[in-house]
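Heads up, structure-v2.cif below (mmCIF, C-alpha atoms and all ligand atoms):
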```cif
data_upload
#
loop_
_atom_site.group_PDB
_atom_site.id
_atom_site.type_symbol
_atom_site.label_atom_id
_atom_site.label_comp_id
_atom_site.auth_asym_id
_atom_site.auth_seq_id
_atom_site.Cartn_x
_atom_site.Cartn_y
_atom_site.Cartn_z
ATOM 1 C CA MET E 4 71.930 70.308 21.432
ATOM 2 C CA ALA E 5 71.568 70.585 25.204
ATOM 3 C CA VAL E 6 68.194 69.255 26.204
ATOM 4 C CA GLU E 7 67.542 68.965 29.891
ATOM 5 C CA ILE E 8 66.763 65.386 30.856
ATOM 6 C CA PRO E 9 63.494 65.165 32.732
ATOM 7 C CA ALA E 10 63.422 63.432 36.078
ATOM 8 C CA LEU E 11 62.080 59.933 35.722
ATOM 9 C CA HIS E 12 60.596 59.305 39.166
ATOM 10 C CA ILE E 13 61.813 55.744 39.036
ATOM 11 C CA ASP E 14 61.567 55.319 42.775
ATOM 12 C CA ASP E 15 58.044 56.539 43.291
ATOM 13 C CA GLN E 16 56.521 53.537 41.584
ATOM 14 C CA GLU E 17 55.070 55.617 38.816
ATOM 15 C CA ARG E 18 54.052 53.289 36.036
ATOM 16 C CA ALA E 19 55.017 53.948 32.451
ATOM 17 C CA ASP E 20 51.395 54.092 31.388
ATOM 18 C CA GLN E 21 50.889 57.087 33.655
ATOM 19 C CA TRP E 22 53.691 59.060 32.118
ATOM 20 C CA ALA E 23 51.391 60.467 29.555
ATOM 21 C CA GLY E 24 49.526 62.603 32.079
ATOM 22 C CA TRP E 25 50.411 66.220 31.293
ATOM 23 C CA SER E 26 53.168 67.391 33.556
ATOM 24 C CA TYR E 27 53.478 70.950 32.280
ATOM 25 C CA TYR E 28 50.238 72.067 33.837
ATOM 26 C CA ARG E 29 51.651 72.745 37.258
ATOM 27 C CA ARG E 30 51.013 76.041 38.957
ATOM 28 C CA TYR E 31 51.300 74.966 42.557
ATOM 29 C CA TYR E 32 52.678 77.483 45.033
ATOM 30 C CA VAL E 33 53.223 80.171 42.411
ATOM 31 C CA HIS E 34 50.920 82.638 44.150
ATOM 32 C CA ASP E 35 49.885 83.057 47.744
ATOM 33 C CA SER E 36 46.133 83.427 47.360
ATOM 34 C CA VAL E 37 43.140 82.574 45.216
ATOM 35 C CA GLU E 38 42.817 86.303 44.413
ATOM 36 C CA GLU E 39 46.359 86.435 43.065
ATOM 37 C CA TYR E 40 45.701 83.412 40.876
ATOM 38 C CA ALA E 41 42.531 85.090 39.581
ATOM 39 C CA ALA E 42 44.415 88.325 38.769
ATOM 40 C CA CYS E 43 47.114 86.336 37.019
ATOM 41 C CA ASP E 44 44.508 84.401 34.998
ATOM 42 C CA LEU E 45 42.968 87.683 33.884
ATOM 43 C CA LEU E 46 46.316 89.053 32.721
ATOM 44 C CA LEU E 47 47.175 85.851 30.875
ATOM 45 C CA ALA E 48 43.748 85.558 29.262
ATOM 46 C CA GLY E 49 44.543 88.855 27.500
ATOM 47 C CA LEU E 50 47.992 87.673 26.475
ATOM 48 C CA ALA E 51 46.521 84.445 25.092
ATOM 49 C CA GLU E 52 45.081 86.360 22.128
ATOM 50 C CA PRO E 53 46.886 85.197 18.983
ATOM 51 C CA ASP E 54 48.311 88.648 18.178
ATOM 52 C CA ARG E 55 49.837 88.970 21.658
ATOM 53 C CA GLU E 56 51.898 85.786 21.687
ATOM 54 C CA GLY E 57 55.092 87.864 21.571
ATOM 55 C CA GLU E 58 54.124 89.525 24.873
ATOM 56 C CA LEU E 59 53.217 86.149 26.342
ATOM 57 C CA ARG E 60 56.598 84.751 25.315
ATOM 58 C CA ALA E 61 58.313 87.797 26.835
ATOM 59 C CA GLU E 62 56.568 86.960 30.128
ATOM 60 C CA VAL E 63 57.815 83.392 29.800
ATOM 61 C CA ASP E 64 61.343 84.681 29.219
ATOM 62 C CA ARG E 65 61.026 86.730 32.411
ATOM 63 C CA GLY E 66 60.490 83.451 34.267
ATOM 64 C CA ASN E 67 56.704 83.722 34.674
ATOM 65 C CA LEU E 68 55.659 80.108 35.278
ATOM 66 C CA CYS E 69 51.952 80.807 34.729
ATOM 67 C CA ALA E 70 52.742 82.380 31.355
ATOM 68 C CA PHE E 71 54.754 79.296 30.482
ATOM 69 C CA VAL E 72 51.808 77.042 31.322
ATOM 70 C CA ARG E 73 49.531 79.194 29.177
ATOM 71 C CA LEU E 74 51.943 79.217 26.239
ATOM 72 C CA ILE E 75 52.436 75.457 26.334
ATOM 73 C CA GLY E 76 48.675 75.010 26.599
ATOM 74 C CA ILE E 77 48.245 77.029 23.397
ATOM 75 C CA LEU E 78 50.926 75.052 21.589
ATOM 76 C CA VAL E 79 49.364 71.756 22.688
ATOM 77 C CA ASP E 80 45.800 72.770 21.810
ATOM 78 C CA ASP E 81 46.890 73.976 18.382
ATOM 79 C CA HIS E 82 49.100 70.917 17.805
ATOM 80 C CA ARG E 83 52.104 73.154 17.204
ATOM 81 C CA LEU E 84 54.699 70.400 17.424
ATOM 82 C CA ASP E 85 57.340 72.426 15.603
ATOM 83 C CA ASP E 86 57.096 75.221 18.165
ATOM 84 C CA LEU E 87 57.344 72.781 21.051
ATOM 85 C CA ARG E 88 60.370 71.176 19.409
ATOM 86 C CA GLU E 89 61.922 74.613 18.919
ATOM 87 C CA LEU E 90 61.618 75.331 22.653
ATOM 88 C CA ALA E 91 63.052 71.889 23.427
ATOM 89 C CA ARG E 92 65.950 72.603 21.088
ATOM 90 C CA ASP E 93 66.630 75.793 23.040
ATOM 91 C CA GLY E 94 67.044 73.626 26.122
ATOM 92 C CA ASP E 95 63.568 73.818 27.661
ATOM 93 C CA GLY E 96 63.102 70.398 29.251
ATOM 94 C CA ARG E 97 59.443 71.086 30.061
ATOM 95 C CA ALA E 98 58.651 71.717 26.411
ATOM 96 C CA PHE E 99 60.504 68.519 25.531
ATOM 97 C CA VAL E 100 58.461 66.516 28.036
ATOM 98 C CA THR E 101 55.248 68.055 26.724
ATOM 99 C CA LEU E 102 56.172 67.179 23.150
ATOM 100 C CA MET E 103 56.871 63.626 24.248
ATOM 101 C CA GLN E 104 53.630 63.358 26.209
ATOM 102 C CA LEU E 105 51.710 64.625 23.241
ATOM 103 C CA LEU E 106 53.258 62.042 20.940
ATOM 104 C CA VAL E 107 52.697 59.235 23.466
ATOM 105 C CA ARG E 108 49.044 60.271 23.828
ATOM 106 C CA ARG E 109 48.630 60.184 20.088
ATOM 107 C CA GLU E 110 50.435 56.849 19.905
ATOM 108 C CA ALA E 111 52.667 58.496 17.314
ATOM 109 C CA GLU E 112 55.243 55.721 17.254
ATOM 110 C CA ALA E 113 56.876 56.690 13.968
ATOM 111 C CA GLN E 114 57.165 60.328 15.054
ATOM 112 C CA LEU E 115 58.751 59.297 18.376
ATOM 113 C CA ARG E 116 61.295 57.208 16.458
ATOM 114 C CA GLN E 117 61.975 60.239 14.291
ATOM 115 C CA GLU E 118 62.408 62.549 17.327
ATOM 116 C CA SER E 119 64.879 60.125 18.869
ATOM 117 C CA VAL E 120 67.307 60.881 16.056
ATOM 118 C CA GLU E 121 67.661 64.423 17.386
ATOM 119 C CA PHE E 122 66.719 63.760 21.020
ATOM 120 C CA PRO E 123 68.044 60.338 22.069
ATOM 121 C CA TRP E 124 65.977 60.434 25.273
ATOM 122 C CA ALA E 125 62.812 60.367 23.165
ATOM 123 C CA THR E 126 63.570 56.647 22.965
ATOM 124 C CA SER E 127 62.518 56.257 26.597
ATOM 125 C CA TRP E 128 59.137 57.793 25.719
ATOM 126 C CA LEU E 129 58.868 55.507 22.736
ATOM 127 C CA ALA E 130 59.480 52.632 25.140
ATOM 128 C CA ALA E 131 56.736 53.947 27.432
ATOM 129 C CA LEU E 132 54.334 53.931 24.490
ATOM 130 C CA LEU E 133 55.343 50.398 23.521
ATOM 131 C CA VAL E 134 54.787 49.232 27.102
ATOM 132 C CA ARG E 135 51.346 50.833 27.067
ATOM 133 C CA GLN E 136 50.589 48.865 23.935
ATOM 134 C CA GLY E 137 51.728 45.652 25.618
ATOM 135 C CA ARG E 138 54.832 45.383 23.396
ATOM 136 C CA VAL E 139 57.286 44.842 26.226
ATOM 137 C CA ASP E 140 59.984 43.084 24.185
ATOM 138 C CA ALA E 141 59.987 45.908 21.655
ATOM 139 C CA ALA E 142 60.259 48.430 24.512
ATOM 140 C CA LEU E 143 63.217 46.552 26.009
ATOM 141 C CA GLU E 144 64.849 46.422 22.606
ATOM 142 C CA VAL E 145 64.737 50.183 22.009
ATOM 143 C CA LEU E 146 65.888 50.848 25.569
ATOM 144 C CA ASP E 147 68.779 48.490 25.035
ATOM 145 C CA SER E 148 69.808 50.479 21.976
ATOM 146 C CA LEU E 149 69.553 53.703 24.010
ATOM 147 C CA ARG E 150 71.809 52.092 26.614
ATOM 148 C CA GLN E 151 74.594 51.937 24.033
ATOM 149 C CA HIS E 152 74.597 55.749 24.018
ATOM 150 C CA PRO E 153 77.198 56.829 26.599
ATOM 151 C CA ASP E 154 75.133 59.797 27.870
ATOM 152 C CA TYR E 155 72.032 57.705 28.469
ATOM 153 C CA GLU E 156 73.484 54.416 29.607
ATOM 154 C CA HIS E 157 72.411 54.771 33.209
ATOM 155 C CA GLY E 158 68.976 56.247 32.500
ATOM 156 C CA ALA E 159 68.191 53.598 29.902
ATOM 157 C CA HIS E 160 69.263 50.811 32.229
ATOM 158 C CA SER E 161 67.044 52.185 34.985
ATOM 159 C CA ARG E 162 64.108 52.273 32.585
ATOM 160 C CA ILE E 163 64.798 48.685 31.546
ATOM 161 C CA LEU E 164 64.591 47.633 35.192
ATOM 162 C CA SER E 165 61.323 49.544 35.670
ATOM 163 C CA VAL E 166 59.842 47.948 32.574
ATOM 164 C CA LEU E 167 60.849 44.480 33.792
ATOM 165 C CA ARG E 168 59.102 45.173 37.077
ATOM 166 C CA GLU E 169 55.983 46.612 35.457
ATOM 167 C CA ALA E 170 55.794 43.613 33.153
ATOM 168 C CA ASP E 171 56.242 41.141 36.038
ATOM 169 C CA ARG E 172 59.438 39.788 34.451
ATOM 170 C CA VAL E 173 60.691 38.791 37.876
ATOM 171 C CA ASP E 174 63.066 36.029 36.789
ATOM 172 C CA GLU E 175 65.064 38.502 34.730
ATOM 173 C CA LEU E 176 65.154 40.991 37.599
ATOM 174 C CA ARG E 177 66.286 38.264 39.960
ATOM 175 C CA ARG E 178 69.017 37.145 37.585
ATOM 176 C CA LEU E 179 70.329 40.695 37.309
ATOM 177 C CA ALA E 180 70.039 41.229 41.064
ATOM 178 C CA ASP E 181 71.927 37.999 41.722
ATOM 179 C CA SER E 182 74.698 39.141 39.418
ATOM 180 C CA GLY E 183 75.176 42.224 41.567
ATOM 181 C CA ASP E 184 72.906 44.796 39.908
ATOM 182 C CA ARG E 185 71.734 46.866 42.859
ATOM 183 C CA GLY E 186 69.082 48.671 40.837
ATOM 184 C CA ALA E 187 67.593 45.331 39.830
ATOM 185 C CA GLY E 188 67.584 44.248 43.472
ATOM 186 C CA LYS E 189 65.696 47.398 44.371
ATOM 187 C CA GLN E 190 63.046 46.887 41.699
ATOM 188 C CA LEU E 191 62.753 43.236 42.709
ATOM 189 C CA ASN E 192 62.141 44.251 46.319
ATOM 190 C CA TRP E 193 59.404 46.671 45.267
ATOM 191 C CA TRP E 194 57.840 44.034 43.058
ATOM 192 C CA LEU E 195 57.791 41.600 45.981
ATOM 193 C CA PHE E 196 56.302 44.349 48.134
ATOM 194 C CA ASP E 197 53.600 45.122 45.565
ATOM 195 C CA HIS E 198 52.715 41.445 45.395
ATOM 196 C CA HIS E 199 52.718 40.915 49.161
ATOM 197 C CA ASP E 200 55.415 38.274 48.803
ATOM 198 C CA VAL E 201 56.434 38.001 52.439
ATOM 199 C CA ASN E 202 58.583 34.935 51.979
ATOM 200 C CA GLY E 203 60.446 36.413 49.022
ATOM 201 C CA LEU E 204 61.234 39.579 50.969
ATOM 202 C CA ARG E 205 62.186 37.608 54.064
ATOM 203 C CA ARG E 206 64.689 35.544 52.065
ATOM 204 C CA ARG E 207 66.287 38.672 50.600
ATOM 205 C CA ALA E 208 66.315 40.400 53.976
ATOM 206 C CA ALA E 209 67.986 37.372 55.539
ATOM 207 C CA ASP E 210 70.650 37.626 52.852
ATOM 208 C CA GLY E 211 71.420 41.096 54.144
ATOM 209 C CA ASP E 212 69.334 43.303 51.843
ATOM 210 C CA ASP E 213 68.292 46.317 53.926
ATOM 211 C CA LEU E 214 65.665 47.579 51.511
ATOM 212 C CA ALA E 215 64.044 44.138 51.474
ATOM 213 C CA LEU E 216 63.938 44.295 55.242
ATOM 214 C CA ARG E 217 62.293 47.706 55.247
ATOM 215 C CA CYS E 218 59.771 46.550 52.629
ATOM 216 C CA LEU E 219 59.054 43.485 54.712
ATOM 217 C CA ALA E 220 58.543 45.531 57.863
ATOM 218 C CA ARG E 221 56.220 47.892 56.008
ATOM 219 C CA LEU E 222 54.270 45.069 54.465
ATOM 220 C CA LEU E 223 53.849 43.206 57.717
ATOM 221 C CA GLY E 224 53.202 46.398 59.598
ATOM 222 C CA GLU E 225 49.979 46.926 57.682
ATOM 223 C CA PRO E 226 46.897 46.658 59.914
ATOM 224 C CA GLY E 227 46.058 43.173 61.055
ATOM 225 C CA ASP E 228 49.507 41.711 60.631
ATOM 226 C CA SER E 229 51.336 43.165 63.604
ATOM 227 C CA VAL E 230 51.997 39.821 65.262
ATOM 228 C CA ALA E 231 53.413 38.361 62.070
ATOM 229 C CA ALA E 232 55.494 41.507 61.546
ATOM 230 C CA ALA E 233 56.990 41.368 65.001
ATOM 231 C CA SER E 234 57.772 37.683 64.714
ATOM 232 C CA ALA E 235 59.387 38.046 61.268
ATOM 233 C CA LEU E 236 61.515 40.923 62.510
ATOM 234 C CA GLN E 237 62.353 39.021 65.675
ATOM 235 C CA GLU E 238 63.482 36.050 63.608
ATOM 236 C CA LEU E 239 65.812 38.254 61.552
ATOM 237 C CA ALA E 240 67.053 40.064 64.659
ATOM 238 C CA ASP E 241 67.842 36.713 66.255
ATOM 239 C CA CYS E 242 69.943 35.888 63.212
ATOM 240 C CA GLY E 243 72.004 38.944 64.046
ATOM 241 C CA HIS E 244 70.518 41.357 61.533
ATOM 242 C CA PRO E 245 71.298 44.781 63.072
ATOM 243 C CA ARG E 246 68.614 46.716 61.206
ATOM 244 C CA ALA E 247 65.977 44.136 62.069
ATOM 245 C CA ARG E 248 66.644 44.791 65.750
ATOM 246 C CA LYS E 249 66.278 48.536 65.274
ATOM 247 C CA LEU E 250 63.101 48.163 63.200
ATOM 248 C CA LEU E 251 61.694 45.805 65.793
ATOM 249 C CA GLU E 252 62.282 48.346 68.560
ATOM 250 C CA ARG E 253 60.628 51.049 66.521
ATOM 251 C CA PHE E 254 57.800 48.748 65.523
ATOM 252 C CA ARG E 255 57.072 47.882 69.139
ATOM 253 C CA SER E 256 57.105 51.505 70.245
ATOM 254 C CA ASP E 257 54.706 52.401 67.400
ATOM 255 C CA ALA E 258 52.366 49.467 68.025
ATOM 256 C CA PRO E 259 49.084 50.384 69.708
ATOM 257 C CA GLY E 260 48.644 49.210 73.304
HETATM 258 ZN ZN ZN E 301 50.604 83.590 37.815
#
```

I'd like the structure from this file rewritten - as structure tokens, please.
Amino acid sequence: MAVEIPALHIDDQERADQWAGWSYYRRYYVHDSVEEYAACDLLLAGLAEPDREGELRAEVDRGNLCAFVRLIGILVDDHRLDDLRELARDGDGRAFVTLMQLLVRREAEAQLRQESVEFPWATSWLAALLVRQGRVDAALEVLDSLRQHPDYEHGAHSRILSVLREADRVDELRRLADSGDRGAGKQLNWWLFDHHDVNGLRRRAADGDDLALRCLARLLGEPGDSVAAASALQELADCGHPRARKLLERFRSDAPG
């Protein structure tokens, strides 16, 4: 069973409760003009008739992205979970993600647990559902079991860190970061950034964490805080922090006036 693992967008601060937005419905940059999209819609509207699904699937097999979107739309609207699973089994990661999103939307916890027997990564979607329901400990527990699986160790660990951040479990992140977990340090920095914790970021930056420094500069660089930003960077630069000096130079050249 070779199912493509979907990208998790861990770094773009996407929250687990937003995972359930449909991701299959993407037709950006397929065609060059509105007219071409309209012509394509017309063609696909014909192929969407139930007796022409074979032709629609043939279009999908030829790599027609719009036909894929239409087919998945039909499968979703008609709740054809078996057909989505069949596509996922054949290695279509988009169908797998759609199946997962559908189950998360329906809060189909038992079904997600069932899917995870065949598709271990379904566990991460189960965790997303549990987080949405406020059951953070349960989410961490299933992710921890996924982490025991050699193929998903890294992905599961990353999800655990994201969940800790989303759930404001900062002490745990800090403990992991202090023990040398770089991913935990990263999530901690973003948490501090999200919560405008200038002092927390400054302490980590002073300890030599470059991402903390960049977060700090960005935070302080927000309108109204330019004096504080410059002085915080200056302080770090004076302590011999090489990146602080560079950021300070850039900050000054960007500053108005
Ligand atoms: Zn098209």

*Reference answer for the PyMOL selection byres (((chain E and resi 50-55) around 12) and not hetatm), as a PyMOL selection string*: chain E and resi 43-49+56-63+69-78+81

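Interatomic distance, atom CA of E:Glu169 to atom CA of E:Arg185: 17.4 Å.
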
Using all atoms listed in the file, the residue out of E:Glu118, E:Ala247, E:His198, E:Gly188 with shortest distance to E:Leu216 is E:Ala247

Between atom CA of E:Leu146 and atom CA of E:Ala215 lies a distance of 26.8 Å

Taken to one decimal, the atom CA of E:Glu110-atom CA of E:Gln136 distance is 8.9 Å

- Task: Let me know the residues the PyMOL selection byres (((chain E and resi 157-161) around 8) and not hetatm) catches in the file above, as JSON, numbers by chain.
- Result: {"E": [13, 127, 146, 147, 149, 150, 154, 155, 156, 162, 163, 164, 165, 186]}

Neighbouring residues of E:Gly203 were defined as those with any atom within 12 Å, considering all atoms listed in the file; residues of the same chain fewer than 5 positions away were excluded. Please report them as an NGL selection string. :E and (173 or 177 or 188 or 191-198 or 208-210 or 212 or 215-216 or 218-219 or 222)

query: Near E:Leu84, within 10 Å and counting all atoms listed in the file, which residues show up once chain neighbours fewer than 6 positions away are dropped, as a ChimeraX atom specification?
result: /E:78,90,98,101-103,105-106

Residues matched by the PyMOL selection byres (((chain E and resi 133) around 10) and not hetatm) as a list of chain:residue names | E:Ala19, E:Asp20, E:Val107, E:Glu110, E:Glu112, E:Ser127, E:Trp128, E:Leu129, E:Ala130, E:Ala131, E:Leu132, E:Val134, E:Arg135, E:Gln136, E:Gly137, E:Arg138, E:Val139, E:Asp140, E:Ala141, E:Ala142, E:Leu143, E:Val145

For the residues selected in the previous step, produce a file with C-alpha atoms as an mmCIF file, keeping the file's coordinate frame.
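Output file result_21.cif is given in full below:
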```cif
data_model
loop_
_atom_site.group_PDB
_atom_site.id
_atom_site.type_symbol
_atom_site.label_atom_id
_atom_site.label_comp_id
_atom_site.auth_asym_id
_atom_site.auth_seq_id
_atom_site.Cartn_x
_atom_site.Cartn_y
_atom_site.Cartn_z
ATOM 1 C CA ALA E 19 55.017 53.948 32.451
ATOM 2 C CA ASP E 20 51.395 54.092 31.388
ATOM 3 C CA VAL E 107 52.697 59.235 23.466
ATOM 4 C CA GLU E 110 50.435 56.849 19.905
ATOM 5 C CA GLU E 112 55.243 55.721 17.254
ATOM 6 C CA SER E 127 62.518 56.257 26.597
ATOM 7 C CA TRP E 128 59.137 57.793 25.719
ATOM 8 C CA LEU E 129 58.868 55.507 22.736
ATOM 9 C CA ALA E 130 59.480 52.632 25.140
ATOM 10 C CA ALA E 131 56.736 53.947 27.432
ATOM 11 C CA LEU E 132 54.334 53.931 24.490
ATOM 12 C CA VAL E 134 54.787 49.232 27.102
ATOM 13 C CA ARG E 135 51.346 50.833 27.067
ATOM 14 C CA GLN E 136 50.589 48.865 23.935
ATOM 15 C CA GLY E 137 51.728 45.652 25.618
ATOM 16 C CA ARG E 138 54.832 45.383 23.396
ATOM 17 C CA VAL E 139 57.286 44.842 26.226
ATOM 18 C CA ASP E 140 59.984 43.084 24.185
ATOM 19 C CA ALA E 141 59.987 45.908 21.655
ATOM 20 C CA ALA E 142 60.259 48.430 24.512
ATOM 21 C CA LEU E 143 63.217 46.552 26.009
ATOM 22 C CA VAL E 145 64.737 50.183 22.009
#
```
